[in-house]
>>> print(open('target.txt').read())   # compact mmCIF, C-alpha atoms (C1' of nucleotides)
# COMPACT_ATOMS: atom_id res chain seq x y z
CA MET A 1 0.00 0.00 0.00
CA SER A 2 1.44 3.32 -1.02
CA ILE A 3 0.34 6.71 0.21
CA SER A 4 2.18 8.76 -2.36
CA GLY A 5 -0.07 10.00 -5.10
CA ALA A 6 -1.69 13.22 -6.12
CA GLU A 7 -0.97 15.75 -3.43
CA ALA A 8 -4.64 16.57 -3.20
CA GLU A 9 -5.37 12.98 -2.34
CA ALA A 10 -2.54 12.80 0.14
CA SER A 11 -3.72 15.95 1.84
CA HIS A 12 -7.25 14.73 1.87
CA GLU A 13 -6.34 11.44 3.46
CA LEU A 14 -4.01 13.04 5.96
CA LEU A 15 -6.70 15.42 7.06
CA VAL A 16 -8.14 12.51 8.91
CA ILE A 17 -5.00 12.26 10.97
CA ARG A 18 -4.99 15.90 12.04
CA PRO A 19 -7.62 15.92 14.73
CA SER A 20 -8.39 19.03 16.72
CA LYS A 21 -6.78 19.52 20.08
CA TRP A 22 -9.46 17.69 22.04
CA THR A 23 -10.80 15.01 19.70
CA LEU A 24 -8.61 12.16 20.80
CA VAL A 25 -8.90 13.21 24.41
CA VAL A 26 -12.64 12.73 24.13
CA ILE A 27 -12.18 9.41 22.40
CA VAL A 28 -9.99 8.00 25.12
CA GLN A 29 -12.30 9.36 27.79
CA LEU A 30 -15.16 7.35 26.34
CA ARG A 31 -13.14 4.16 26.52
CA SER A 32 -14.86 2.92 29.62
CA GLY A 33 -18.35 3.66 28.38
CA THR A 34 -21.14 6.21 28.38
CA MET A 35 -20.41 9.69 29.64
CA ARG A 36 -22.35 12.89 30.10
CA PHE A 37 -21.28 16.34 29.03
CA ASN A 38 -20.09 17.78 32.30
CA GLU A 39 -18.64 14.44 33.26
CA LEU A 40 -16.40 14.63 30.24
CA ARG A 41 -15.68 18.23 30.98
CA ARG A 42 -14.53 17.49 34.50
CA ASN A 43 -12.33 14.59 33.46
CA MET A 44 -10.69 16.55 30.70
CA GLY A 45 -9.35 19.33 32.82
CA GLY A 46 -9.61 22.85 31.58
CA VAL A 47 -11.43 22.30 28.34
CA PRO A 48 -13.73 25.21 27.48
CA GLN A 49 -17.36 24.36 26.90
CA LYS A 50 -17.18 25.70 23.41
CA SER A 51 -14.28 23.47 22.46
CA LEU A 52 -15.94 20.43 23.96
CA SER A 53 -19.24 21.13 22.21
CA GLN A 54 -17.53 21.58 18.87
CA THR A 55 -15.44 18.48 19.31
CA LEU A 56 -18.40 16.36 20.32
CA ARG A 57 -20.46 17.70 17.45
CA GLU A 58 -17.82 16.87 14.88
CA LEU A 59 -17.20 13.44 16.31
CA GLU A 60 -20.92 12.74 16.17
CA ARG A 61 -21.11 14.11 12.65
CA ASP A 62 -18.36 11.82 11.46
CA GLY A 63 -19.90 8.80 13.11
CA TYR A 64 -17.31 8.23 15.84
CA ILE A 65 -19.67 8.79 18.75
CA THR A 66 -23.39 8.75 19.41
CA ARG A 67 -25.32 11.42 21.21
CA THR A 68 -28.41 10.57 23.22
CA ALA A 69 -30.46 13.39 24.68
CA TYR A 70 -33.12 12.81 27.33
CA ALA A 71 -35.89 15.40 27.50
CA THR A 72 -35.83 15.54 31.27
CA ILE A 73 -35.35 18.41 33.65
CA PRO A 74 -32.54 19.03 34.05
CA PRO A 75 -31.57 17.86 30.58
CA ARG A 76 -29.25 14.94 30.21
CA VAL A 77 -27.08 13.96 27.29
CA GLU A 78 -25.01 10.87 26.97
CA TYR A 79 -22.12 10.20 24.65
CA ASP A 80 -20.83 6.85 23.51
CA LEU A 81 -18.30 5.41 21.15
CA THR A 82 -19.55 3.77 17.99
CA GLU A 83 -17.78 0.82 16.43
CA LEU A 84 -15.89 3.26 14.25
CA GLY A 85 -15.06 5.26 17.33
CA ARG A 86 -13.56 2.20 18.93
CA GLU A 87 -11.33 1.73 15.92
CA LEU A 88 -10.22 5.31 16.32
CA LEU A 89 -9.55 4.60 19.97
CA ALA A 90 -7.29 1.75 18.95
CA LEU A 91 -5.29 4.10 16.75
CA ALA A 92 -5.11 6.64 19.54
CA ASP A 93 -3.71 3.94 21.79
CA ASP A 94 -1.08 3.10 19.20
CA TRP A 95 0.00 6.72 19.06
CA HIS A 96 0.02 7.02 22.78
CA SER A 97 2.05 3.88 23.08
CA PHE A 98 4.50 5.19 20.50
CA ALA A 99 4.77 8.50 22.29
CA GLN A 100 5.34 6.77 25.62
CA ARG A 101 8.07 4.53 24.24
CA ASN A 102 9.93 7.30 22.48
CA ARG A 103 9.36 10.31 24.65
CA ARG A 104 12.82 10.17 26.15
CA ALA A 105 14.49 9.63 22.82
CA VAL A 106 12.76 12.62 21.29
CA GLU A 107 13.56 14.82 24.26
CA GLN A 108 17.17 13.76 24.03
CA ALA A 109 17.25 14.41 20.29
CA ARG A 110 15.88 17.89 20.90
CA ARG A 111 18.45 18.71 23.52
CA LEU A 112 21.23 17.55 21.24
CA PHE A 113 19.88 19.54 18.33
CA ASP A 114 19.40 22.67 20.37
CA ALA A 115 22.85 22.37 21.89
CA VAL A 116 24.47 22.88 18.51
CA ASP A 117 24.50 26.66 18.41
CA GLU A 118 27.03 26.45 15.65
CA ARG A 119 24.83 25.29 12.84
CA PRO A 120 26.41 26.82 9.77
CA ALA A 121 25.10 27.34 6.29
CA TYR A 122 21.54 26.18 6.52
CA MET B 1 -2.57 0.65 29.47
CA SER B 2 -4.68 3.62 30.26
CA ILE B 3 -4.30 7.08 28.79
CA SER B 4 -6.55 8.86 31.19
CA GLY B 5 -4.67 10.70 33.87
CA ALA B 6 -3.82 14.26 34.72
CA GLU B 7 -5.05 16.42 31.91
CA ALA B 8 -1.66 18.02 31.62
CA GLU B 9 -0.13 14.64 30.99
CA ALA B 10 -2.79 13.67 28.51
CA SER B 11 -2.31 16.90 26.63
CA HIS B 12 1.41 16.48 26.66
CA GLU B 13 1.25 12.98 25.30
CA LEU B 14 -1.31 13.87 22.70
CA LEU B 15 0.81 16.71 21.45
CA VAL B 16 2.87 14.08 19.76
CA ILE B 17 -0.12 13.01 17.74
CA ARG B 18 -0.90 16.49 16.46
CA PRO B 19 1.64 16.87 13.72
CA SER B 20 1.75 19.95 11.56
CA LYS B 21 0.06 19.93 8.22
CA TRP B 22 3.03 18.57 6.28
CA THR B 23 4.93 16.39 8.74
CA LEU B 24 3.40 13.08 7.84
CA VAL B 25 3.44 13.94 4.16
CA VAL B 26 7.20 14.29 4.42
CA ILE B 27 7.47 11.06 6.34
CA VAL B 28 5.63 9.05 3.73
CA GLN B 29 7.57 10.73 0.95
CA LEU B 30 10.80 9.46 2.47
CA ARG B 31 9.52 5.91 2.51
CA SER B 32 11.47 4.89 -0.55
CA GLY B 33 14.70 6.43 0.62
CA THR B 34 16.85 9.54 0.42
CA MET B 35 15.40 12.69 -1.05
CA ARG B 36 16.60 16.20 -1.72
CA PHE B 37 14.81 19.38 -0.82
CA ASN B 38 13.31 20.32 -4.15
CA GLU B 39 12.62 16.71 -4.91
CA LEU B 40 10.42 16.59 -1.85
CA ARG B 41 8.93 19.91 -2.79
CA ARG B 42 7.94 18.75 -6.24
CA ASN B 43 6.43 15.50 -5.01
CA MET B 44 4.44 17.24 -2.33
CA GLY B 45 2.51 19.54 -4.58
CA GLY B 46 2.00 23.10 -3.52
CA VAL B 47 3.92 23.13 -0.29
CA PRO B 48 5.54 26.53 0.36
CA GLN B 49 9.27 26.50 0.90
CA LYS B 50 8.85 27.97 4.33
CA SER B 51 6.50 25.24 5.44
CA LEU B 52 8.75 22.53 4.08
CA SER B 53 11.82 24.01 5.76
CA GLN B 54 10.07 24.29 9.08
CA THR B 55 8.70 20.79 8.86
CA LEU B 56 12.05 19.29 7.93
CA ARG B 57 13.77 21.19 10.69
CA GLU B 58 11.39 19.98 13.33
CA LEU B 59 11.51 16.42 12.11
CA GLU B 60 15.29 16.55 12.25
CA ARG B 61 15.19 18.13 15.67
CA ASP B 62 12.99 15.38 17.04
CA GLY B 63 15.13 12.67 15.53
CA TYR B 64 12.74 11.39 12.88
CA ILE B 65 14.90 12.27 9.91
CA THR B 66 18.55 12.99 9.18
CA ARG B 67 19.83 15.94 7.20
CA THR B 68 23.03 15.65 5.21
CA ALA B 69 24.40 18.78 3.56
CA TYR B 70 27.09 18.62 0.90
CA ALA B 71 29.23 21.75 0.53
CA THR B 72 29.11 21.67 -3.23
CA ILE B 73 28.01 24.25 -5.75
CA PRO B 74 25.16 24.23 -6.13
CA PRO B 75 24.49 23.04 -2.59
CA ARG B 76 22.84 19.72 -2.03
CA VAL B 77 20.97 18.46 0.98
CA GLU B 78 19.62 14.98 1.48
CA TYR B 79 16.97 13.85 3.90
CA ASP B 80 16.43 10.37 5.24
CA LEU B 81 14.28 8.55 7.73
CA THR B 82 15.86 7.41 10.95
CA GLU B 83 14.78 4.24 12.71
CA LEU B 84 12.41 6.35 14.77
CA GLY B 85 11.17 7.93 11.58
CA ARG B 86 10.35 4.53 10.18
CA GLU B 87 8.28 3.77 13.25
CA LEU B 88 6.44 7.00 12.67
CA LEU B 89 5.93 5.95 9.07
CA ALA B 90 4.34 2.74 10.27
CA LEU B 91 1.88 4.73 12.35
CA ALA B 92 1.16 7.00 9.41
CA ASP B 93 0.39 3.93 7.35
CA ASP B 94 -1.99 2.70 10.00
CA TRP B 95 -3.86 5.99 9.94
CA HIS B 96 -3.90 6.07 6.19
CA SER B 97 -5.22 2.55 6.10
CA PHE B 98 -7.90 3.45 8.60
CA ALA B 99 -8.84 6.52 6.59
CA GLN B 100 -9.02 4.53 3.40
CA ARG B 101 -11.20 1.83 4.91
CA ASN B 102 -13.63 4.25 6.51
CA ARG B 103 -13.68 7.18 4.15
CA ARG B 104 -17.01 6.21 2.67
CA ALA B 105 -18.55 5.54 6.03
CA VAL B 106 -17.51 8.92 7.37
CA GLU B 107 -18.74 10.72 4.28
CA GLN B 108 -22.05 8.93 4.58
CA ALA B 109 -22.30 9.78 8.27
CA ARG B 110 -21.67 13.42 7.46
CA ARG B 111 -24.35 13.51 4.80
CA LEU B 112 -26.84 11.94 7.14
CA PHE B 113 -25.97 14.32 9.94
CA ASP B 114 -26.14 17.36 7.70
CA ALA B 115 -29.43 16.23 6.20
CA VAL B 116 -31.16 16.59 9.55
CA ASP B 117 -32.01 20.28 9.41
CA GLU B 118 -34.44 19.70 12.23
CA ARG B 119 -32.01 19.27 15.07
CA PRO B 120 -33.85 20.69 18.02
CA ALA B 121 -32.60 21.85 21.37
CA TYR B 122 -28.89 21.38 21.10
C1' DC C 1 19.71 24.66 -5.13
C1' DT C 2 18.52 25.39 -0.49
C1' DG C 3 17.22 27.97 2.31
C1' DC C 4 15.85 32.60 5.50
C1' DA C 5 13.07 37.09 6.40
C1' DT C 6 8.97 39.47 6.09
C1' DC C 7 4.25 40.30 5.68
C1' DC C 8 -0.40 38.96 5.93
C1' DT C 9 -4.58 36.25 6.56
C1' DA C 10 -7.45 32.54 8.46
C1' DC C 11 -8.53 29.70 11.96
C1' DG C 12 -8.16 27.28 16.33
C1' DG C 13 -9.17 27.86 20.63
C1' DG C 14 -9.60 30.29 25.29
C1' DA C 15 -12.53 33.49 28.36
C1' DT C 16 -16.80 35.30 29.40
C1' DA C 17 -21.67 35.93 29.46
C1' DC C 18 -26.20 34.33 28.36
C1' DT C 19 -30.30 30.64 27.33
C1' DG C 20 -33.67 26.56 27.17
C1' DC D 1 -27.34 20.45 32.95
C1' DA D 2 -26.09 21.28 28.39
C1' DG D 3 -25.36 23.99 25.55
C1' DT D 4 -25.01 28.87 22.25
C1' DA D 5 -23.11 33.61 21.24
C1' DT D 6 -19.48 36.87 21.27
C1' DC D 7 -15.07 38.64 21.67
C1' DC D 8 -10.19 38.29 21.53
C1' DC D 9 -5.71 36.53 20.66
C1' DG D 10 -1.84 33.56 19.29
C1' DT D 11 -0.14 30.90 15.88
C1' DA D 12 -0.14 28.07 11.64
C1' DG D 13 0.74 28.61 7.29
C1' DG D 14 0.56 30.81 2.49
C1' DA D 15 2.81 34.43 -0.72
C1' DT D 16 6.60 37.02 -1.94
C1' DG D 17 11.27 38.58 -2.10
C1' DC D 18 16.14 38.04 -0.94
C1' DA D 19 20.77 35.41 0.13
C1' DG D 20 24.71 32.07 0.36
>>> encode(input="target.txt", output="structure tokens")
Amino acid sequence: MSISGAEAEASHELLVIRPSKWTLVVIVQLRSGTMRFNELRRNMGGVPQKSLSQTLRELERDGYITRTAYATIPPRVEYDLTELGRELLALADDWHSFAQRNRRAVEQARRLFDAVDERPAY
Amino acid sequence: MSISGAEAEASHELLVIRPSKWTLVVIVQLRSGTMRFNELRRNMGGVPQKSLSQTLRELERDGYITRTAYATIPPRVEYDLTELGRELLALADDWHSFAQRNRRAVEQARRLFDAVDERPAY
DNA sequence: CTGCATCCTACGGGATACTG
DNA sequence: CAGTATCCCGTAGGATGCAG
């Protein structure tokens, strides 16, 4: 399988792998099951309501999560991963695993790179 | 393995999975081996020089690619994947594969979602 | 050929206030 | 409780011109 092709296609495909700041955080939060809006909000630290709403909306739109609203007072909305969402979760885990394994190496590489103040003729 | 934890930690980890617009495009371009600057540029479509430079610099800094400059006239610079870069390439392939498999499904989900103009009480 | 410097615009995303 | 509306700002990133 080769990715290289028309740049438009490449860009298009790669768009899928440039999630917004909070998308994958939501995905991993829903790992253990159903969650409500403010429940997510609390568990995700300082995420603004606007960002969370937008993220949830887009995830629902793309079919990664479901949204179930109950017409009670007070209102109550539950979010869940779909099958597709669980696949995305698997990918997120892969990335996280990768990041965990190589965090030190990358930090070290950065320090080395930054230490070379004599970087001539770029 | 659980991702959930302090939000700061989660954010930090997830930073690694929010590459810039061109990072993964470069990575997949280097799949087949060494490439020069303008060679990359041509194969990547309309990428501005600035963006490509920045991307290459950061990838080098983090240890994903190597940069070899030859002091010839005209100058010549070659880029290559490191071992770490190849691991990143593997992840990129996973994402691409995922995107390929589910492109239709996501498009369909979007159409369905957008078709519901009666979405009350969000 | 391989970059850097500059300018400019669009957009993500945070803070705050308000609503059903 | 679960959002929307508005404002504001930093930064990504595109276009252009210049340099070694």
>>> atom_distance(input="target.txt", atom1="atom CA of B:Asp62", atom2="atom CA of A:Val106")
5.1 Å
>>> closest_atom_pairs(input="target.txt", of="chain D", to="chain A", cutoff="8 Å", atoms="all atoms listed in the file", output="JSON lines")
{"residue": "D:DC1", "atom": "C1'", "partner": "A:Pro75", "partner_atom": "CA", "distance": 5.5}
{"residue": "D:DA2", "atom": "C1'", "partner": "A:Pro75", "partner_atom": "CA", "distance": 6.8}
{"residue": "D:DG3", "atom": "C1'", "partner": "A:Ser53", "partner_atom": "CA", "distance": 7.5}
{"residue": "D:DG20", "atom": "C1'", "partner": "A:Ala121", "partner_atom": "CA", "distance": 7.6}
>>> calpha_fit_and_write(input="target.txt", fixed="chain B", moving="chain A", output="short mmCIF file (atom, residue, chain, number, x, y, z; two decimals) with C-alpha atoms, keeping the file's coordinate frame")
data_model
loop_
_atom_site.label_atom_id
_atom_site.label_comp_id
_atom_site.auth_asym_id
_atom_site.auth_seq_id
_atom_site.Cartn_x
_atom_site.Cartn_y
_atom_site.Cartn_z
CA MET A 1 -2.52 0.66 29.34
CA SER A 2 -4.64 3.65 30.17
CA ILE A 3 -4.29 7.11 28.73
CA SER A 4 -6.54 8.87 31.18
CA GLY A 5 -4.62 10.73 33.82
CA ALA A 6 -3.74 14.28 34.63
CA GLU A 7 -4.97 16.43 31.80
CA ALA A 8 -1.56 18.00 31.49
CA GLU A 9 -0.07 14.61 30.84
CA ALA A 10 -2.79 13.67 28.40
CA SER A 11 -2.30 16.89 26.51
CA HIS A 12 1.41 16.46 26.52
CA GLU A 13 1.23 12.96 25.14
CA LEU A 14 -1.37 13.87 22.57
CA LEU A 15 0.75 16.70 21.30
CA VAL A 16 2.79 14.06 19.62
CA ILE A 17 -0.21 13.01 17.61
CA ARG A 18 -1.00 16.50 16.32
CA PRO A 19 1.58 16.92 13.61
CA SER A 20 1.67 19.99 11.43
CA LYS A 21 0.01 19.92 8.06
CA TRP A 22 3.03 18.59 6.19
CA THR A 23 4.90 16.41 8.68
CA LEU A 24 3.38 13.09 7.77
CA VAL A 25 3.46 13.96 4.10
CA VAL A 26 7.21 14.31 4.38
CA ILE A 27 7.46 11.08 6.31
CA VAL A 28 5.64 9.07 3.70
CA GLN A 29 7.62 10.73 0.93
CA LEU A 30 10.84 9.47 2.48
CA ARG A 31 9.55 5.92 2.51
CA SER A 32 11.51 4.89 -0.53
CA GLY A 33 14.75 6.44 0.64
CA THR A 34 16.93 9.52 0.46
CA MET A 35 15.48 12.68 -1.00
CA ARG A 36 16.69 16.19 -1.67
CA PHE A 37 14.90 19.39 -0.80
CA ASN A 38 13.44 20.33 -4.14
CA GLU A 39 12.75 16.71 -4.89
CA LEU A 40 10.50 16.60 -1.87
CA ARG A 41 9.03 19.91 -2.82
CA ARG A 42 8.08 18.73 -6.28
CA ASN A 43 6.55 15.49 -5.04
CA MET A 44 4.52 17.22 -2.39
CA GLY A 45 2.62 19.51 -4.67
CA GLY A 46 2.11 23.07 -3.64
CA VAL A 47 3.99 23.12 -0.39
CA PRO A 48 5.61 26.51 0.27
CA GLN A 49 9.34 26.49 0.87
CA LYS A 50 8.86 27.97 4.27
CA SER A 51 6.50 25.23 5.38
CA LEU A 52 8.78 22.54 4.05
CA SER A 53 11.84 24.03 5.73
CA GLN A 54 10.06 24.31 9.05
CA THR A 55 8.69 20.81 8.82
CA LEU A 56 12.04 19.32 7.91
CA ARG A 57 13.75 21.24 10.68
CA GLU A 58 11.34 20.02 13.32
CA LEU A 59 11.47 16.46 12.10
CA GLU A 60 15.26 16.58 12.25
CA ARG A 61 15.13 18.17 15.68
CA ASP A 62 12.93 15.42 17.03
CA GLY A 63 15.09 12.71 15.55
CA TYR A 64 12.70 11.43 12.89
CA ILE A 65 14.90 12.31 9.93
CA THR A 66 18.54 13.02 9.24
CA ARG A 67 19.86 15.93 7.27
CA THR A 68 23.07 15.64 5.29
CA ALA A 69 24.47 18.74 3.64
CA TYR A 70 27.21 18.59 1.01
CA ALA A 71 29.36 21.70 0.66
CA THR A 72 29.29 21.59 -3.11
CA ILE A 73 28.22 24.14 -5.66
CA PRO A 74 25.34 24.12 -6.07
CA PRO A 75 24.63 22.98 -2.53
CA ARG A 76 22.99 19.66 -1.96
CA VAL A 77 21.06 18.42 1.03
CA GLU A 78 19.70 14.98 1.55
CA TYR A 79 17.01 13.85 3.93
CA ASP A 80 16.47 10.37 5.28
CA LEU A 81 14.29 8.57 7.75
CA THR A 82 15.85 7.43 10.99
CA GLU A 83 14.75 4.27 12.74
CA LEU A 84 12.37 6.38 14.79
CA GLY A 85 11.14 7.96 11.60
CA ARG A 86 10.34 4.56 10.20
CA GLU A 87 8.25 3.81 13.25
CA LEU A 88 6.40 7.03 12.64
CA LEU A 89 5.92 5.98 9.05
CA ALA A 90 4.32 2.77 10.26
CA LEU A 91 1.85 4.77 12.33
CA ALA A 92 1.14 7.04 9.39
CA ASP A 93 0.36 3.97 7.32
CA ASP A 94 -2.04 2.74 9.98
CA TRP A 95 -3.87 6.05 9.91
CA HIS A 96 -3.94 6.11 6.18
CA SER A 97 -5.24 2.60 6.08
CA PHE A 98 -7.93 3.50 8.60
CA ALA A 99 -8.90 6.56 6.62
CA GLN A 100 -9.06 4.55 3.40
CA ARG A 101 -11.26 1.87 4.94
CA ASN A 102 -13.68 4.28 6.54
CA ARG A 103 -13.76 7.20 4.19
CA ARG A 104 -17.10 6.23 2.73
CA ALA A 105 -18.63 5.55 6.10
CA VAL A 106 -17.59 8.93 7.43
CA GLU A 107 -18.83 10.72 4.34
CA GLN A 108 -22.13 8.93 4.67
CA ALA A 109 -22.36 9.77 8.36
CA ARG A 110 -21.77 13.42 7.53
CA ARG A 111 -24.44 13.51 4.89
CA LEU A 112 -26.92 11.92 7.25
CA PHE A 113 -26.04 14.33 10.03
CA ASP A 114 -26.24 17.36 7.80
CA ALA A 115 -29.53 16.23 6.33
CA VAL A 116 -31.24 16.59 9.68
CA ASP A 117 -32.08 20.27 9.56
CA GLU A 118 -34.52 19.69 12.34
CA ARG A 119 -32.14 19.20 15.20
CA PRO A 120 -34.02 20.54 18.19
CA ALA A 121 -32.87 21.54 21.62
CA TYR A 122 -29.15 21.16 21.43
#
>>> atom_distance(input="target.txt", atom1="atom CA of A:Arg61", atom2="atom CA of B:Arg110")
5.3 Å
>>> interface_residues(input="target.txt", of="chain C", to="chain B", cutoff="8 Å", atoms="all atoms listed in the file", output="number ranges by chain")
C: 1-3, 20
>>> residues_around(input="target.txt", residues="D:DA15", least_positions_apart="2", cutoff="9 Å", atoms="all atoms listed in the file", output="list in words")
Pro48 of chain B; DC7 and DC8 of chain C
>>> atom_distance(input="target.txt", atom1="atom CA of B:Ile65", atom2="atom CA of B:Leu81")
4.4 Å
